[in-house]
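Participant: My structure is stored as protein06.cif, with mmCIF, N, CA and C atoms.
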```
data_query
#
loop_
_atom_site.label_atom_id
_atom_site.label_comp_id
_atom_site.auth_asym_id
_atom_site.auth_seq_id
_atom_site.Cartn_x
_atom_site.Cartn_y
_atom_site.Cartn_z
N MET A 1 -3.86 -38.79 23.81
CA MET A 1 -3.72 -38.47 25.22
C MET A 1 -5.10 -38.32 25.85
N TRP A 2 -6.06 -37.77 25.09
CA TRP A 2 -7.41 -37.63 25.65
C TRP A 2 -8.02 -39.00 25.92
N ARG A 3 -7.72 -39.97 25.08
CA ARG A 3 -8.21 -41.34 25.33
C ARG A 3 -7.63 -41.88 26.64
N ASP A 4 -6.38 -41.57 26.93
CA ASP A 4 -5.78 -41.98 28.20
C ASP A 4 -6.49 -41.31 29.38
N TYR A 5 -6.84 -40.05 29.21
CA TYR A 5 -7.59 -39.33 30.25
C TYR A 5 -8.93 -40.01 30.50
N LEU A 6 -9.65 -40.32 29.43
CA LEU A 6 -10.95 -40.98 29.59
C LEU A 6 -10.79 -42.36 30.21
N ALA A 7 -9.74 -43.07 29.85
CA ALA A 7 -9.49 -44.39 30.44
C ALA A 7 -9.24 -44.28 31.94
N PHE A 8 -8.55 -43.22 32.37
CA PHE A 8 -8.33 -43.01 33.80
C PHE A 8 -9.66 -42.95 34.54
N TYR A 9 -10.65 -42.32 33.92
CA TYR A 9 -11.98 -42.22 34.52
C TYR A 9 -12.89 -43.37 34.12
N GLU A 10 -12.29 -44.41 33.56
CA GLU A 10 -12.99 -45.65 33.22
C GLU A 10 -14.19 -45.41 32.32
N THR A 11 -13.97 -44.62 31.27
CA THR A 11 -15.03 -44.33 30.32
C THR A 11 -14.47 -44.24 28.92
N THR A 12 -15.35 -44.28 27.95
CA THR A 12 -15.00 -44.07 26.55
C THR A 12 -16.12 -43.22 25.95
N VAL A 13 -15.88 -42.71 24.78
CA VAL A 13 -16.91 -41.99 24.03
C VAL A 13 -16.91 -42.52 22.61
N PRO A 14 -18.05 -42.41 21.92
CA PRO A 14 -18.09 -42.88 20.52
C PRO A 14 -17.15 -42.07 19.63
N ASP A 15 -16.74 -42.66 18.52
CA ASP A 15 -15.84 -41.99 17.58
C ASP A 15 -16.40 -40.65 17.13
N GLY A 16 -17.71 -40.56 16.95
CA GLY A 16 -18.32 -39.29 16.55
C GLY A 16 -18.10 -38.19 17.57
N THR A 17 -18.02 -38.56 18.83
CA THR A 17 -17.76 -37.57 19.88
C THR A 17 -16.33 -37.07 19.79
N TYR A 18 -15.38 -37.97 19.51
CA TYR A 18 -14.00 -37.53 19.30
C TYR A 18 -13.94 -36.54 18.15
N ASP A 19 -14.59 -36.89 17.05
CA ASP A 19 -14.57 -36.01 15.87
C ASP A 19 -15.17 -34.65 16.21
N SER A 20 -16.30 -34.65 16.88
CA SER A 20 -16.97 -33.40 17.23
C SER A 20 -16.13 -32.55 18.18
N THR A 21 -15.57 -33.20 19.19
CA THR A 21 -14.76 -32.47 20.17
C THR A 21 -13.56 -31.81 19.51
N PHE A 22 -12.86 -32.54 18.67
CA PHE A 22 -11.67 -31.97 18.05
C PHE A 22 -12.02 -30.93 16.99
N ALA A 23 -13.16 -31.09 16.34
CA ALA A 23 -13.61 -30.05 15.41
C ALA A 23 -13.89 -28.76 16.18
N ARG A 24 -14.50 -28.88 17.34
CA ARG A 24 -14.77 -27.71 18.17
C ARG A 24 -13.47 -27.07 18.65
N LEU A 25 -12.53 -27.91 19.07
CA LEU A 25 -11.25 -27.37 19.54
C LEU A 25 -10.52 -26.60 18.45
N LEU A 26 -10.66 -27.05 17.22
CA LEU A 26 -9.97 -26.42 16.11
C LEU A 26 -10.78 -25.31 15.45
N GLY A 27 -12.04 -25.17 15.84
CA GLY A 27 -12.91 -24.16 15.24
C GLY A 27 -12.68 -22.78 15.82
N ASP A 28 -13.48 -21.82 15.38
CA ASP A 28 -13.31 -20.44 15.84
C ASP A 28 -14.52 -19.90 16.59
N ASP A 29 -15.44 -20.76 17.01
CA ASP A 29 -16.59 -20.33 17.80
C ASP A 29 -16.12 -20.05 19.23
N PRO A 30 -16.25 -18.81 19.71
CA PRO A 30 -15.78 -18.49 21.07
C PRO A 30 -16.54 -19.22 22.17
N ASN A 31 -17.67 -19.81 21.85
CA ASN A 31 -18.43 -20.56 22.85
C ASN A 31 -18.01 -22.03 22.92
N ASP A 32 -17.14 -22.45 22.03
CA ASP A 32 -16.65 -23.82 22.05
C ASP A 32 -15.42 -23.93 22.96
N PHE A 33 -14.96 -25.14 23.11
CA PHE A 33 -13.81 -25.43 23.94
C PHE A 33 -12.53 -24.86 23.36
N SER A 34 -11.61 -24.62 24.24
CA SER A 34 -10.23 -24.29 23.89
C SER A 34 -9.34 -25.30 24.60
N CYS A 35 -8.08 -25.31 24.24
CA CYS A 35 -7.17 -26.32 24.78
C CYS A 35 -5.78 -25.73 24.95
N PHE A 36 -5.11 -26.18 25.98
CA PHE A 36 -3.68 -25.97 26.13
C PHE A 36 -3.04 -27.35 26.24
N VAL A 37 -1.84 -27.47 25.75
CA VAL A 37 -1.07 -28.69 25.91
C VAL A 37 0.27 -28.35 26.55
N ALA A 38 0.85 -29.33 27.19
CA ALA A 38 2.19 -29.19 27.76
C ALA A 38 3.12 -30.15 27.03
N GLU A 39 4.31 -29.67 26.74
CA GLU A 39 5.32 -30.48 26.06
C GLU A 39 6.58 -30.55 26.90
N ALA A 40 7.26 -31.66 26.80
CA ALA A 40 8.59 -31.82 27.41
C ALA A 40 9.42 -32.66 26.46
N ASN A 41 10.57 -32.16 26.10
CA ASN A 41 11.48 -32.87 25.19
C ASN A 41 10.78 -33.27 23.89
N GLY A 42 9.93 -32.39 23.38
CA GLY A 42 9.26 -32.63 22.12
C GLY A 42 8.09 -33.59 22.16
N LYS A 43 7.68 -34.01 23.36
CA LYS A 43 6.56 -34.95 23.50
C LYS A 43 5.43 -34.28 24.29
N LEU A 44 4.19 -34.58 23.90
CA LEU A 44 3.04 -34.09 24.66
C LEU A 44 2.98 -34.83 25.99
N VAL A 45 2.89 -34.06 27.08
CA VAL A 45 2.84 -34.67 28.41
C VAL A 45 1.60 -34.27 29.20
N GLY A 46 0.81 -33.33 28.68
CA GLY A 46 -0.39 -32.93 29.39
C GLY A 46 -1.32 -32.13 28.51
N LEU A 47 -2.58 -32.07 28.92
CA LEU A 47 -3.57 -31.28 28.19
C LEU A 47 -4.64 -30.77 29.14
N THR A 48 -5.29 -29.72 28.72
CA THR A 48 -6.47 -29.22 29.42
C THR A 48 -7.45 -28.65 28.40
N HIS A 49 -8.72 -28.92 28.61
CA HIS A 49 -9.80 -28.35 27.82
C HIS A 49 -10.58 -27.42 28.74
N TYR A 50 -10.98 -26.27 28.21
CA TYR A 50 -11.73 -25.31 29.03
C TYR A 50 -12.67 -24.53 28.12
N LEU A 51 -13.66 -23.92 28.73
CA LEU A 51 -14.59 -23.07 27.97
C LEU A 51 -15.14 -21.98 28.87
N PHE A 52 -15.62 -20.94 28.23
CA PHE A 52 -16.26 -19.83 28.94
C PHE A 52 -17.76 -19.92 28.71
N HIS A 53 -18.53 -19.64 29.75
CA HIS A 53 -19.99 -19.67 29.59
C HIS A 53 -20.63 -18.65 30.53
N ARG A 54 -21.85 -18.28 30.18
CA ARG A 54 -22.61 -17.36 31.01
C ARG A 54 -22.97 -17.99 32.34
N HIS A 55 -23.21 -17.13 33.31
CA HIS A 55 -23.54 -17.59 34.66
C HIS A 55 -24.63 -16.66 35.20
N ALA A 56 -25.67 -17.23 35.73
CA ALA A 56 -26.80 -16.42 36.20
C ALA A 56 -26.44 -15.50 37.36
N TRP A 57 -25.40 -15.80 38.09
CA TRP A 57 -25.04 -15.00 39.26
C TRP A 57 -23.98 -13.97 38.98
N LYS A 58 -23.51 -13.91 37.74
CA LYS A 58 -22.44 -12.97 37.38
C LYS A 58 -22.76 -12.32 36.04
N VAL A 59 -22.28 -11.12 35.85
CA VAL A 59 -22.44 -10.44 34.56
C VAL A 59 -21.48 -11.04 33.54
N GLU A 60 -20.25 -11.28 33.98
CA GLU A 60 -19.21 -11.80 33.11
C GLU A 60 -19.39 -13.32 32.93
N SER A 61 -18.82 -13.83 31.87
CA SER A 61 -18.77 -15.28 31.70
C SER A 61 -17.76 -15.86 32.69
N VAL A 62 -17.97 -17.10 33.06
CA VAL A 62 -17.04 -17.81 33.94
C VAL A 62 -16.34 -18.88 33.11
N CYS A 63 -15.27 -19.43 33.66
CA CYS A 63 -14.46 -20.42 32.94
C CYS A 63 -14.61 -21.78 33.60
N TYR A 64 -14.96 -22.76 32.80
CA TYR A 64 -15.05 -24.14 33.25
C TYR A 64 -13.88 -24.92 32.68
N LEU A 65 -13.05 -25.44 33.55
CA LEU A 65 -11.91 -26.28 33.16
C LEU A 65 -12.44 -27.71 33.16
N GLN A 66 -12.73 -28.24 31.98
CA GLN A 66 -13.40 -29.54 31.91
C GLN A 66 -12.44 -30.71 32.06
N ASP A 67 -11.36 -30.71 31.33
CA ASP A 67 -10.44 -31.84 31.35
C ASP A 67 -9.04 -31.36 31.70
N LEU A 68 -8.36 -32.12 32.52
CA LEU A 68 -6.96 -31.87 32.84
C LEU A 68 -6.29 -33.23 32.95
N PHE A 69 -5.22 -33.42 32.21
CA PHE A 69 -4.54 -34.71 32.23
C PHE A 69 -3.05 -34.50 32.06
N ALA A 70 -2.30 -35.19 32.90
CA ALA A 70 -0.85 -35.27 32.75
C ALA A 70 -0.49 -36.75 32.64
N ARG A 71 0.37 -37.06 31.70
CA ARG A 71 0.79 -38.46 31.57
C ARG A 71 1.38 -38.92 32.90
N PRO A 72 1.16 -40.18 33.25
CA PRO A 72 1.63 -40.68 34.56
C PRO A 72 3.11 -40.38 34.84
N GLU A 73 3.96 -40.50 33.82
CA GLU A 73 5.38 -40.26 34.05
C GLU A 73 5.70 -38.78 34.26
N SER A 74 4.74 -37.90 33.98
CA SER A 74 4.95 -36.46 34.15
C SER A 74 4.31 -35.91 35.41
N ARG A 75 3.57 -36.73 36.11
CA ARG A 75 2.89 -36.24 37.32
C ARG A 75 3.92 -35.90 38.39
N GLY A 76 3.65 -34.83 39.09
CA GLY A 76 4.57 -34.38 40.13
C GLY A 76 5.68 -33.49 39.61
N THR A 77 5.65 -33.17 38.32
CA THR A 77 6.70 -32.33 37.73
C THR A 77 6.25 -30.90 37.50
N GLY A 78 5.01 -30.58 37.84
CA GLY A 78 4.50 -29.23 37.63
C GLY A 78 3.65 -29.06 36.39
N VAL A 79 3.45 -30.14 35.63
CA VAL A 79 2.67 -30.06 34.38
C VAL A 79 1.23 -29.64 34.67
N GLY A 80 0.58 -30.31 35.62
CA GLY A 80 -0.80 -29.97 35.94
C GLY A 80 -0.94 -28.54 36.43
N ARG A 81 -0.06 -28.14 37.31
CA ARG A 81 -0.09 -26.78 37.84
C ARG A 81 0.10 -25.75 36.71
N ALA A 82 1.02 -26.02 35.80
CA ALA A 82 1.27 -25.09 34.70
C ALA A 82 0.05 -25.00 33.78
N LEU A 83 -0.61 -26.12 33.52
CA LEU A 83 -1.80 -26.09 32.67
C LEU A 83 -2.94 -25.33 33.35
N ILE A 84 -3.13 -25.54 34.63
CA ILE A 84 -4.17 -24.78 35.34
C ILE A 84 -3.82 -23.31 35.35
N GLN A 85 -2.56 -22.97 35.56
CA GLN A 85 -2.15 -21.57 35.54
C GLN A 85 -2.41 -20.95 34.18
N ALA A 86 -2.19 -21.71 33.11
CA ALA A 86 -2.47 -21.19 31.76
C ALA A 86 -3.95 -20.87 31.62
N VAL A 87 -4.81 -21.72 32.18
CA VAL A 87 -6.26 -21.45 32.13
C VAL A 87 -6.59 -20.24 33.01
N TYR A 88 -6.00 -20.16 34.20
CA TYR A 88 -6.19 -18.97 35.06
C TYR A 88 -5.81 -17.70 34.30
N ASP A 89 -4.66 -17.74 33.63
CA ASP A 89 -4.18 -16.56 32.90
C ASP A 89 -5.14 -16.18 31.77
N GLU A 90 -5.66 -17.18 31.06
CA GLU A 90 -6.60 -16.90 29.98
C GLU A 90 -7.91 -16.35 30.55
N ALA A 91 -8.35 -16.88 31.67
CA ALA A 91 -9.56 -16.36 32.32
C ALA A 91 -9.36 -14.90 32.72
N ASP A 92 -8.21 -14.59 33.27
CA ASP A 92 -7.91 -13.19 33.62
C ASP A 92 -7.90 -12.32 32.37
N ARG A 93 -7.29 -12.81 31.31
CA ARG A 93 -7.22 -12.05 30.07
C ARG A 93 -8.61 -11.75 29.52
N GLN A 94 -9.54 -12.70 29.70
CA GLN A 94 -10.89 -12.52 29.18
C GLN A 94 -11.85 -11.92 30.20
N GLY A 95 -11.35 -11.57 31.38
CA GLY A 95 -12.19 -10.92 32.38
C GLY A 95 -13.16 -11.84 33.09
N ALA A 96 -12.87 -13.12 33.10
CA ALA A 96 -13.73 -14.08 33.81
C ALA A 96 -13.41 -14.03 35.31
N PRO A 97 -14.43 -13.85 36.15
CA PRO A 97 -14.16 -13.72 37.58
C PRO A 97 -13.86 -15.04 38.29
N SER A 98 -14.12 -16.17 37.63
CA SER A 98 -13.84 -17.44 38.30
C SER A 98 -13.51 -18.53 37.29
N VAL A 99 -12.76 -19.49 37.78
CA VAL A 99 -12.44 -20.73 37.06
C VAL A 99 -12.85 -21.85 38.00
N TYR A 100 -13.58 -22.83 37.47
CA TYR A 100 -13.98 -23.95 38.32
C TYR A 100 -13.81 -25.26 37.56
N TRP A 101 -13.75 -26.36 38.31
CA TRP A 101 -13.63 -27.68 37.71
C TRP A 101 -14.17 -28.71 38.68
N LEU A 102 -14.34 -29.91 38.17
CA LEU A 102 -14.81 -31.05 38.95
C LEU A 102 -13.75 -32.13 38.92
N THR A 103 -13.74 -32.97 39.93
CA THR A 103 -12.92 -34.17 39.89
C THR A 103 -13.64 -35.24 40.69
N GLN A 104 -13.22 -36.46 40.52
CA GLN A 104 -13.82 -37.53 41.31
C GLN A 104 -13.12 -37.63 42.65
N ASP A 105 -13.86 -38.06 43.65
CA ASP A 105 -13.32 -38.07 45.01
C ASP A 105 -12.11 -38.99 45.14
N PHE A 106 -11.98 -40.01 44.31
CA PHE A 106 -10.86 -40.94 44.41
C PHE A 106 -9.59 -40.43 43.72
N ASN A 107 -9.65 -39.27 43.10
CA ASN A 107 -8.49 -38.74 42.37
C ASN A 107 -7.55 -38.03 43.36
N HIS A 108 -7.00 -38.81 44.26
CA HIS A 108 -6.22 -38.26 45.38
C HIS A 108 -4.97 -37.49 44.94
N THR A 109 -4.28 -37.98 43.94
CA THR A 109 -3.06 -37.31 43.49
C THR A 109 -3.38 -35.91 42.99
N ALA A 110 -4.38 -35.80 42.11
CA ALA A 110 -4.75 -34.49 41.58
C ALA A 110 -5.32 -33.60 42.67
N ARG A 111 -6.05 -34.17 43.60
CA ARG A 111 -6.66 -33.35 44.65
C ARG A 111 -5.62 -32.71 45.56
N LYS A 112 -4.46 -33.32 45.68
CA LYS A 112 -3.39 -32.67 46.45
C LYS A 112 -3.00 -31.36 45.80
N LEU A 113 -2.90 -31.36 44.47
CA LEU A 113 -2.61 -30.13 43.73
C LEU A 113 -3.78 -29.17 43.86
N TYR A 114 -4.99 -29.65 43.60
CA TYR A 114 -6.17 -28.78 43.63
C TYR A 114 -6.35 -28.10 44.98
N ASP A 115 -6.05 -28.80 46.05
CA ASP A 115 -6.16 -28.23 47.39
C ASP A 115 -5.17 -27.08 47.60
N ARG A 116 -4.06 -27.09 46.86
CA ARG A 116 -3.07 -26.02 46.99
C ARG A 116 -3.40 -24.81 46.14
N ILE A 117 -4.04 -25.02 44.97
CA ILE A 117 -4.23 -23.90 44.05
C ILE A 117 -5.69 -23.52 43.83
N GLY A 118 -6.59 -24.23 44.46
CA GLY A 118 -8.02 -23.95 44.34
C GLY A 118 -8.69 -24.04 45.70
N LYS A 119 -9.97 -23.85 45.69
CA LYS A 119 -10.75 -23.94 46.93
C LYS A 119 -11.89 -24.92 46.70
N GLU A 120 -11.94 -25.96 47.52
CA GLU A 120 -13.03 -26.92 47.42
C GLU A 120 -14.33 -26.24 47.82
N THR A 121 -15.38 -26.50 47.07
CA THR A 121 -16.68 -25.90 47.38
C THR A 121 -17.59 -26.95 48.01
N PRO A 122 -18.69 -26.51 48.63
CA PRO A 122 -19.60 -27.47 49.24
C PRO A 122 -20.62 -28.06 48.27
N PHE A 123 -20.54 -27.72 46.98
CA PHE A 123 -21.52 -28.23 46.04
C PHE A 123 -21.32 -29.70 45.73
N ILE A 124 -22.41 -30.40 45.59
CA ILE A 124 -22.42 -31.81 45.20
C ILE A 124 -23.08 -31.88 43.84
N ARG A 125 -22.51 -32.57 42.91
CA ARG A 125 -23.04 -32.64 41.55
C ARG A 125 -24.07 -33.74 41.42
N TYR A 126 -25.18 -33.42 40.77
CA TYR A 126 -26.18 -34.40 40.38
C TYR A 126 -26.35 -34.35 38.88
N GLN A 127 -26.82 -35.45 38.31
CA GLN A 127 -27.12 -35.46 36.89
C GLN A 127 -28.27 -36.38 36.63
N ARG A 128 -28.87 -36.19 35.50
CA ARG A 128 -29.98 -37.03 35.09
C ARG A 128 -29.49 -38.44 34.87
N PRO A 129 -30.20 -39.45 35.40
CA PRO A 129 -29.74 -40.85 35.21
C PRO A 129 -29.92 -41.30 33.76
#
```
Take the structure in the file and write it out as structure tokens.

Facilitator:
Amino acid sequence: MWRDYLAFYETTVPDGTYDSTFARLLGDDPNDFSCFVAEANGKLVGLTHYLFHRHAWKVESVCYLQDLFARPESRGTGVGRALIQAVYDEADRQGAPSVYWLTQDFNHTARKLYDRIGKETPFIRYQRP
């Protein structure tokens, strides 16, 4: 399912990155990623990866929701909202004052959900070329 998510964003990662990511997800380092999945009728229909990290403007760690994916046939059924709510609940449980995520501007379907349950910020992301 993660490969489908990456394909949606027209990217791939090397096999070693898959291995590393899943080792981190299955490990016990609290600084590594965690994951929630959504199931319907015994099939995986969605996933989210998130992590907690320090923030210079806050005493508490904040939560970064890195990946969110719902299979196309499950979109519009509440899967994405439920996965985000699970991350919100975990952030509350761990005392994180905020949860944030990024998406691409063309991701119109997801942005309809994000506009209802989040607040768009004025920040623009840059990265090293």

Participant: Between atom C of Arg93 of chain A and atom CA of Asp67 of chain A, what is the distance in Å, rounded to a tenth?

Facilitator: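 Here the two named atoms are 20.3 Å from each other.
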
Participant: Restricting the calculation to only C-alpha atoms: of A:Asn31, A:Gln94, A:Thr48, A:Thr21, which residue gets closest to Val79 of chain A?

Facilitator: A:Thr48

Participant: Can you work out which one of A:Leu51, A:Gly16, A:Asp4, A:Arg81 has the shortest atom-to-atom distance to Phe33 of chain A, counting only N, CA and C atoms?

Facilitator: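 Smallest separation from Phe33 of chain A among the options: A:Leu51.
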
Participant: Go ahead and compute the interatomic distance for atom CA of Ser61 of chain A and atom C of Ala91 of chain A, in Å to one decimal.

Facilitator: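 The value is 9.5 Å.
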
Participant: Could you state the separation of atom CA of Arg116 of chain A and atom CA of Ala56 of chain A in Å, given to one decimal place?

Facilitator: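 Distance between the two atoms: 27.8 Å.
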
Participant: Could you spell out the hits of the PyMOL selection byres (((chain A and resi 38 and name CA) around 10) and name CA) on the shown file, as a list in words?

Facilitator: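 Checking the PyMOL selection byres (((chain A and resi 38 and name CA) around 10) and name CA) against this file, the residues are Phe36, Val37, Glu39, Ala40, Gly42, Lys43, Leu44, Val45, Gly46, Leu47, Thr48, Phe69, Ala70, Val79, Gly80, Ala82 and Leu83 of chain A.
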
Participant: Give the alpha helix (DSSP H) residues of chain A, as DSSP finds them on the backbone, and put them as a JSON list (two decimals) with N, CA and C atoms, keeping the file's coordinate frame.

Facilitator:
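Result saved to selection_26.json:
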```
[["chain", "number", "residue", "atom", "x", "y", "z"],
["A", 2, "TRP", "N", -6.06, -37.77, 25.09],
["A", 2, "TRP", "CA", -7.41, -37.63, 25.65],
["A", 2, "TRP", "C", -8.02, -39.00, 25.92],
["A", 3, "ARG", "N", -7.72, -39.97, 25.08],
["A", 3, "ARG", "CA", -8.21, -41.34, 25.33],
["A", 3, "ARG", "C", -7.63, -41.88, 26.64],
["A", 4, "ASP", "N", -6.38, -41.57, 26.93],
["A", 4, "ASP", "CA", -5.78, -41.98, 28.20],
["A", 4, "ASP", "C", -6.49, -41.31, 29.38],
["A", 5, "TYR", "N", -6.84, -40.05, 29.21],
["A", 5, "TYR", "CA", -7.59, -39.33, 30.25],
["A", 5, "TYR", "C", -8.93, -40.01, 30.50],
["A", 6, "LEU", "N", -9.65, -40.32, 29.43],
["A", 6, "LEU", "CA", -10.95, -40.98, 29.59],
["A", 6, "LEU", "C", -10.79, -42.36, 30.21],
["A", 7, "ALA", "N", -9.74, -43.07, 29.85],
["A", 7, "ALA", "CA", -9.49, -44.39, 30.44],
["A", 7, "ALA", "C", -9.24, -44.28, 31.94],
["A", 8, "PHE", "N", -8.55, -43.22, 32.37],
["A", 8, "PHE", "CA", -8.33, -43.01, 33.80],
["A", 8, "PHE", "C", -9.66, -42.95, 34.54],
["A", 15, "ASP", "N", -16.74, -42.66, 18.52],
["A", 15, "ASP", "CA", -15.84, -41.99, 17.58],
["A", 15, "ASP", "C", -16.40, -40.65, 17.13],
["A", 16, "GLY", "N", -17.71, -40.56, 16.95],
["A", 16, "GLY", "CA", -18.32, -39.29, 16.55],
["A", 16, "GLY", "C", -18.10, -38.19, 17.57],
["A", 17, "THR", "N", -18.02, -38.56, 18.83],
["A", 17, "THR", "CA", -17.76, -37.57, 19.88],
["A", 17, "THR", "C", -16.33, -37.07, 19.79],
["A", 18, "TYR", "N", -15.38, -37.97, 19.51],
["A", 18, "TYR", "CA", -14.00, -37.53, 19.30],
["A", 18, "TYR", "C", -13.94, -36.54, 18.15],
["A", 19, "ASP", "N", -14.59, -36.89, 17.05],
["A", 19, "ASP", "CA", -14.57, -36.01, 15.87],
["A", 19, "ASP", "C", -15.17, -34.65, 16.21],
["A", 20, "SER", "N", -16.30, -34.65, 16.88],
["A", 20, "SER", "CA", -16.97, -33.40, 17.23],
["A", 20, "SER", "C", -16.13, -32.55, 18.18],
["A", 21, "THR", "N", -15.57, -33.20, 19.19],
["A", 21, "THR", "CA", -14.76, -32.47, 20.17],
["A", 21, "THR", "C", -13.56, -31.81, 19.51],
["A", 22, "PHE", "N", -12.86, -32.54, 18.67],
["A", 22, "PHE", "CA", -11.67, -31.97, 18.05],
["A", 22, "PHE", "C", -12.02, -30.93, 16.99],
["A", 23, "ALA", "N", -13.16, -31.09, 16.34],
["A", 23, "ALA", "CA", -13.61, -30.05, 15.41],
["A", 23, "ALA", "C", -13.89, -28.76, 16.18],
["A", 24, "ARG", "N", -14.50, -28.88, 17.34],
["A", 24, "ARG", "CA", -14.77, -27.71, 18.17],
["A", 24, "ARG", "C", -13.47, -27.07, 18.65],
["A", 25, "LEU", "N", -12.53, -27.91, 19.07],
["A", 25, "LEU", "CA", -11.25, -27.37, 19.54],
["A", 25, "LEU", "C", -10.52, -26.60, 18.45],
["A", 26, "LEU", "N", -10.66, -27.05, 17.22],
["A", 26, "LEU", "CA", -9.97, -26.42, 16.11],
["A", 26, "LEU", "C", -10.78, -25.31, 15.45],
["A", 79, "VAL", "N", 3.45, -30.14, 35.63],
["A", 79, "VAL", "CA", 2.67, -30.06, 34.38],
["A", 79, "VAL", "C", 1.23, -29.64, 34.67],
["A", 80, "GLY", "N", 0.58, -30.31, 35.62],
["A", 80, "GLY", "CA", -0.80, -29.97, 35.94],
["A", 80, "GLY", "C", -0.94, -28.54, 36.43],
["A", 81, "ARG", "N", -0.06, -28.14, 37.31],
["A", 81, "ARG", "CA", -0.09, -26.78, 37.84],
["A", 81, "ARG", "C", 0.10, -25.75, 36.71],
["A", 82, "ALA", "N", 1.02, -26.02, 35.80],
["A", 82, "ALA", "CA", 1.27, -25.09, 34.70],
["A", 82, "ALA", "C", 0.05, -25.00, 33.78],
["A", 83, "LEU", "N", -0.61, -26.12, 33.52],
["A", 83, "LEU", "CA", -1.80, -26.09, 32.67],
["A", 83, "LEU", "C", -2.94, -25.33, 33.35],
["A", 84, "ILE", "N", -3.13, -25.54, 34.63],
["A", 84, "ILE", "CA", -4.17, -24.78, 35.34],
["A", 84, "ILE", "C", -3.82, -23.31, 35.35],
["A", 85, "GLN", "N", -2.56, -22.97, 35.56],
["A", 85, "GLN", "CA", -2.15, -21.57, 35.54],
["A", 85, "GLN", "C", -2.41, -20.95, 34.18],
["A", 86, "ALA", "N", -2.19, -21.71, 33.11],
["A", 86, "ALA", "CA", -2.47, -21.19, 31.76],
["A", 86, "ALA", "C", -3.95, -20.87, 31.62],
["A", 87, "VAL", "N", -4.81, -21.72, 32.18],
["A", 87, "VAL", "CA", -6.26, -21.45, 32.13],
["A", 87, "VAL", "C", -6.59, -20.24, 33.01],
["A", 88, "TYR", "N", -6.00, -20.16, 34.20],
["A", 88, "TYR", "CA", -6.19, -18.97, 35.06],
["A", 88, "TYR", "C", -5.81, -17.70, 34.30],
["A", 89, "ASP", "N", -4.66, -17.74, 33.63],
["A", 89, "ASP", "CA", -4.18, -16.56, 32.90],
["A", 89, "ASP", "C", -5.14, -16.18, 31.77],
["A", 90, "GLU", "N", -5.66, -17.18, 31.06],
["A", 90, "GLU", "CA", -6.60, -16.90, 29.98],
["A", 90, "GLU", "C", -7.91, -16.35, 30.55],
["A", 91, "ALA", "N", -8.35, -16.88, 31.67],
["A", 91, "ALA", "CA", -9.56, -16.36, 32.32],
["A", 91, "ALA", "C", -9.36, -14.90, 32.72],
["A", 92, "ASP", "N", -8.21, -14.59, 33.27],
["A", 92, "ASP", "CA", -7.91, -13.19, 33.62],
["A", 92, "ASP", "C", -7.90, -12.32, 32.37],
["A", 93, "ARG", "N", -7.29, -12.81, 31.31],
["A", 93, "ARG", "CA", -7.22, -12.05, 30.07],
["A", 93, "ARG", "C", -8.61, -11.75, 29.52],
["A", 108, "HIS", "N", -7.00, -38.81, 44.26],
["A", 108, "HIS", "CA", -6.22, -38.26, 45.38],
["A", 108, "HIS", "C", -4.97, -37.49, 44.94],
["A", 109, "THR", "N", -4.28, -37.98, 43.94],
["A", 109, "THR", "CA", -3.06, -37.31, 43.49],
["A", 109, "THR", "C", -3.38, -35.91, 42.99],
["A", 110, "ALA", "N", -4.38, -35.80, 42.11],
["A", 110, "ALA", "CA", -4.75, -34.49, 41.58],
["A", 110, "ALA", "C", -5.32, -33.60, 42.67],
["A", 111, "ARG", "N", -6.05, -34.17, 43.60],
["A", 111, "ARG", "CA", -6.66, -33.35, 44.65],
["A", 111, "ARG", "C", -5.62, -32.71, 45.56],
["A", 112, "LYS", "N", -4.46, -33.32, 45.68],
["A", 112, "LYS", "CA", -3.39, -32.67, 46.45],
["A", 112, "LYS", "C", -3.00, -31.36, 45.80],
["A", 113, "LEU", "N", -2.90, -31.36, 44.47],
["A", 113, "LEU", "CA", -2.61, -30.13, 43.73],
["A", 113, "LEU", "C", -3.78, -29.17, 43.86],
["A", 114, "TYR", "N", -4.99, -29.65, 43.60],
["A", 114, "TYR", "CA", -6.17, -28.78, 43.63],
["A", 114, "TYR", "C", -6.35, -28.10, 44.98],
["A", 115, "ASP", "N", -6.05, -28.80, 46.05],
["A", 115, "ASP", "CA", -6.16, -28.23, 47.39],
["A", 115, "ASP", "C", -5.17, -27.08, 47.60],
["A", 116, "ARG", "N", -4.06, -27.09, 46.86],
["A", 116, "ARG", "CA", -3.07, -26.02, 46.99],
["A", 116, "ARG", "C", -3.40, -24.81, 46.14],
["A", 117, "ILE", "N", -4.04, -25.02, 44.97],
["A", 117, "ILE", "CA", -4.23, -23.90, 44.05],
["A", 117, "ILE", "C", -5.69, -23.52, 43.83]]
```

Participant: Give the answer as one residue: which of A:Asp32, A:Tyr18, A:Tyr9, A:Cys63 has the shortest atom-to-atom distance to Ser98 of chain A, using all atoms listed in the file?

Facilitator: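 Nearest candidate to Ser98 of chain A out of A:Asp32, A:Tyr18, A:Tyr9, A:Cys63: A:Cys63.
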
Participant: As a check of understanding, name the residues that the PyMOL selection byres (((chain A and resi 118 and name CA) around 12) and name CA) selects in the supplied structure, as number ranges by chain.

Facilitator: A: 81, 84-85, 88, 98-102, 110-117, 119-121

Participant: For the strand (DSSP E or B) assignment from backbone DSSP, which residues of chain A qualify? Please present them as a PyMOL selection string.

Facilitator: chain A and resi 34-40+43-53+62-70+99-100

Participant: Let me have the centre and edge lengths of the axis-aligned box enclosing all listed atoms of segment 87-92 of chain A with 8 Å padding on every side, in Å to one decimal, as JSON.

Facilitator:
```
{"center_x": -6.9, "center_y": -17.0, "center_z": 32.5, "size_x": 21.4, "size_y": 25.4, "size_z": 21.1}
```
